[in-house]
Structure formats: structure tokens, C-alpha cells
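Structure record follows, encoded as C-alpha cells.
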Amino acid sequence: MTYACEDCGFLFCRVGAVKECPSCEKPHIRLATEEEADRLQKLLEQGNTNL
């Protein structure tokens, strides 16, 4: 699943339940929109480590 943090905007993928953002550690996460998931996928394919 792809998630988005509503506090810091961090996009990330995880398998299973997620309780907090791995970047800012706040609990305000939601499923990413299709557009957000596509953007993350493109960044990962480019090997961009400055996410």
C-alpha cells in the first residue's frame, strides 16, 4: 500500500498496518491518492534518493 502523511507530505509504501509516518512520526497518515502513488512510483523508478 502507498500512504501519504497529512502533516509533512511524505509518501511511502508499506505492507501491513501503519500507525505513524516514518519521516515525522505523527499519526496523521492516509492512503495515497492514485496521483500521489504514481508520482512516488516514478521517483522510485528514477532512483531518486532525495525524496
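Lettering and numbering for the C-alpha cells are positional, with chains as A, B, ... in the shown order, residues counted from 1 in each chain, and ligands counted from 1 in the shown order.
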Q. Hey, what's within 9 Å of A:Thr2 if we count only C-alpha atoms and toss same-chain stuff fewer than 4 positions away? As number ranges by chain, please?
A. A: 11-15, 30-33, 36-37, 40
Q.
Could you list, as a ChimeraX atom specification, every residue within 12 Å of A:Pro22, counting only C-alpha atoms and ignoring same-chain residues fewer than 4 positions away?
A. /A:3-5,7-14,18,26-29
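Coordinates place atom CA of A:Glu20 at a distance of 14.0 Å from atom CA of A:Met1.
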Q) Mind checking DSSP for chain A and telling me the helix (DSSP H, G or I) residues as a PyMOL selection string? A) chain A and resi 34-46
Deliver the residues from the most recent selection as a file, using all heavy atoms, as an mmCIF file, in the first residue's frame.
```cif
data_model
loop_
_atom_site.group_PDB
_atom_site.id
_atom_site.type_symbol
_atom_site.label_atom_id
_atom_site.label_comp_id
_atom_site.auth_asym_id
_atom_site.auth_seq_id
_atom_site.Cartn_x
_atom_site.Cartn_y
_atom_site.Cartn_z
ATOM 1 N N GLU A 34 -4.308 8.088 -6.186
ATOM 2 C CA GLU A 34 -3.686 7.441 -7.340
ATOM 3 C C GLU A 34 -2.584 8.327 -7.920
ATOM 4 O O GLU A 34 -1.521 7.832 -8.292
ATOM 5 C CB GLU A 34 -4.744 7.150 -8.403
ATOM 6 C CG GLU A 34 -4.213 6.331 -9.560
ATOM 7 C CD GLU A 34 -5.307 5.934 -10.535
ATOM 8 O OE1 GLU A 34 -6.469 5.837 -10.134
ATOM 9 O OE2 GLU A 34 -4.965 5.716 -11.701
ATOM 10 N N GLU A 35 -2.814 9.624 -7.954
ATOM 11 C CA GLU A 35 -1.805 10.570 -8.460
ATOM 12 C C GLU A 35 -0.546 10.547 -7.594
ATOM 13 O O GLU A 35 0.572 10.528 -8.104
ATOM 14 C CB GLU A 35 -2.396 11.980 -8.492
ATOM 15 C CG GLU A 35 -1.437 13.029 -9.012
ATOM 16 C CD GLU A 35 -2.073 14.402 -9.000
ATOM 17 O OE1 GLU A 35 -3.092 14.602 -9.684
ATOM 18 O OE2 GLU A 35 -1.535 15.282 -8.302
ATOM 19 N N GLU A 36 -0.715 10.553 -6.282
ATOM 20 C CA GLU A 36 0.430 10.503 -5.366
ATOM 21 C C GLU A 36 1.191 9.196 -5.516
ATOM 22 O O GLU A 36 2.430 9.190 -5.543
ATOM 23 C CB GLU A 36 -0.035 10.669 -3.921
ATOM 24 C CG GLU A 36 -0.536 12.050 -3.600
ATOM 25 C CD GLU A 36 -1.236 12.132 -2.258
ATOM 26 O OE1 GLU A 36 -1.861 11.134 -1.831
ATOM 27 O OE2 GLU A 36 -1.156 13.202 -1.629
ATOM 28 N N ALA A 37 0.462 8.089 -5.626
ATOM 29 C CA ALA A 37 1.101 6.779 -5.781
ATOM 30 C C ALA A 37 1.890 6.720 -7.090
ATOM 31 O O ALA A 37 3.012 6.200 -7.123
ATOM 32 C CB ALA A 37 0.057 5.673 -5.736
ATOM 33 N N ASP A 38 1.337 7.279 -8.166
ATOM 34 C CA ASP A 38 2.041 7.311 -9.454
ATOM 35 C C ASP A 38 3.306 8.163 -9.361
ATOM 36 O O ASP A 38 4.349 7.793 -9.897
ATOM 37 C CB ASP A 38 1.141 7.870 -10.559
ATOM 38 C CG ASP A 38 0.024 6.913 -10.945
ATOM 39 O OD1 ASP A 38 0.110 5.711 -10.603
ATOM 40 O OD2 ASP A 38 -0.934 7.378 -11.592
ATOM 41 N N ARG A 39 3.210 9.301 -8.679
ATOM 42 C CA ARG A 39 4.377 10.181 -8.521
ATOM 43 C C ARG A 39 5.492 9.473 -7.749
ATOM 44 O O ARG A 39 6.661 9.521 -8.128
ATOM 45 C CB ARG A 39 3.966 11.461 -7.800
ATOM 46 C CG ARG A 39 5.090 12.470 -7.675
ATOM 47 C CD ARG A 39 4.626 13.753 -7.086
ATOM 48 N NE ARG A 39 3.773 13.492 -5.929
ATOM 49 C CZ ARG A 39 3.374 14.415 -5.090
ATOM 50 N NH1 ARG A 39 3.708 15.656 -5.245
ATOM 51 N NH2 ARG A 39 2.624 14.097 -4.050
ATOM 52 N N LEU A 40 5.131 8.775 -6.670
ATOM 53 C CA LEU A 40 6.122 8.042 -5.889
ATOM 54 C C LEU A 40 6.755 6.942 -6.733
ATOM 55 O O LEU A 40 7.973 6.764 -6.716
ATOM 56 C CB LEU A 40 5.492 7.447 -4.627
ATOM 57 C CG LEU A 40 6.431 6.611 -3.760
ATOM 58 C CD1 LEU A 40 7.621 7.432 -3.270
ATOM 59 C CD2 LEU A 40 5.674 6.006 -2.586
ATOM 60 N N GLN A 41 5.944 6.225 -7.488
ATOM 61 C CA GLN A 41 6.460 5.145 -8.327
ATOM 62 C C GLN A 41 7.470 5.675 -9.346
ATOM 63 O O GLN A 41 8.522 5.087 -9.556
ATOM 64 C CB GLN A 41 5.315 4.425 -9.044
ATOM 65 C CG GLN A 41 5.765 3.224 -9.830
ATOM 66 C CD GLN A 41 6.425 2.159 -8.975
ATOM 67 O OE1 GLN A 41 5.987 1.888 -7.859
ATOM 68 N NE2 GLN A 41 7.474 1.557 -9.468
ATOM 69 N N LYS A 42 7.170 6.815 -9.966
ATOM 70 C CA LYS A 42 8.098 7.401 -10.940
ATOM 71 C C LYS A 42 9.410 7.805 -10.289
ATOM 72 O O LYS A 42 10.485 7.609 -10.832
ATOM 73 C CB LYS A 42 7.446 8.602 -11.629
ATOM 74 C CG LYS A 42 6.389 8.188 -12.611
ATOM 75 C CD LYS A 42 5.715 9.395 -13.242
ATOM 76 C CE LYS A 42 4.571 8.933 -14.132
ATOM 77 N NZ LYS A 42 3.821 10.056 -14.677
ATOM 78 N N LEU A 43 9.321 8.384 -9.092
ATOM 79 C CA LEU A 43 10.533 8.777 -8.367
ATOM 80 C C LEU A 43 11.385 7.553 -8.017
ATOM 81 O O LEU A 43 12.610 7.571 -8.142
ATOM 82 C CB LEU A 43 10.184 9.553 -7.100
ATOM 83 C CG LEU A 43 9.635 10.952 -7.314
ATOM 84 C CD1 LEU A 43 9.075 11.497 -6.014
ATOM 85 C CD2 LEU A 43 10.702 11.870 -7.873
ATOM 86 N N LEU A 44 10.724 6.493 -7.587
ATOM 87 C CA LEU A 44 11.458 5.262 -7.235
ATOM 88 C C LEU A 44 12.104 4.636 -8.466
ATOM 89 O O LEU A 44 13.230 4.144 -8.396
ATOM 90 C CB LEU A 44 10.517 4.273 -6.561
ATOM 91 C CG LEU A 44 10.016 4.677 -5.169
ATOM 92 C CD1 LEU A 44 8.938 3.714 -4.695
ATOM 93 C CD2 LEU A 44 11.155 4.768 -4.186
ATOM 94 N N GLU A 45 11.424 4.678 -9.596
ATOM 95 C CA GLU A 45 11.985 4.135 -10.836
ATOM 96 C C GLU A 45 13.204 4.930 -11.305
ATOM 97 O O GLU A 45 14.127 4.374 -11.897
ATOM 98 C CB GLU A 45 10.923 4.119 -11.928
ATOM 99 C CG GLU A 45 9.867 3.051 -11.724
ATOM 100 C CD GLU A 45 8.707 3.162 -12.683
ATOM 101 O OE1 GLU A 45 8.692 4.073 -13.544
ATOM 102 O OE2 GLU A 45 7.785 2.337 -12.588
ATOM 103 N N GLN A 46 13.206 6.217 -11.031
ATOM 104 C CA GLN A 46 14.329 7.083 -11.416
ATOM 105 C C GLN A 46 15.502 6.911 -10.451
ATOM 106 O O GLN A 46 16.589 7.414 -10.707
ATOM 107 C CB GLN A 46 13.907 8.553 -11.403
ATOM 108 C CG GLN A 46 12.919 8.910 -12.461
ATOM 109 C CD GLN A 46 12.400 10.330 -12.302
ATOM 110 O OE1 GLN A 46 12.764 11.047 -11.368
ATOM 111 N NE2 GLN A 46 11.551 10.742 -13.216
#
```
Q: If you run DSSP over the backbone, which residues in chain A end up strand (DSSP E or B)? Put them as a ChimeraX atom specification.
A: /A:2-5,11-13,29-31
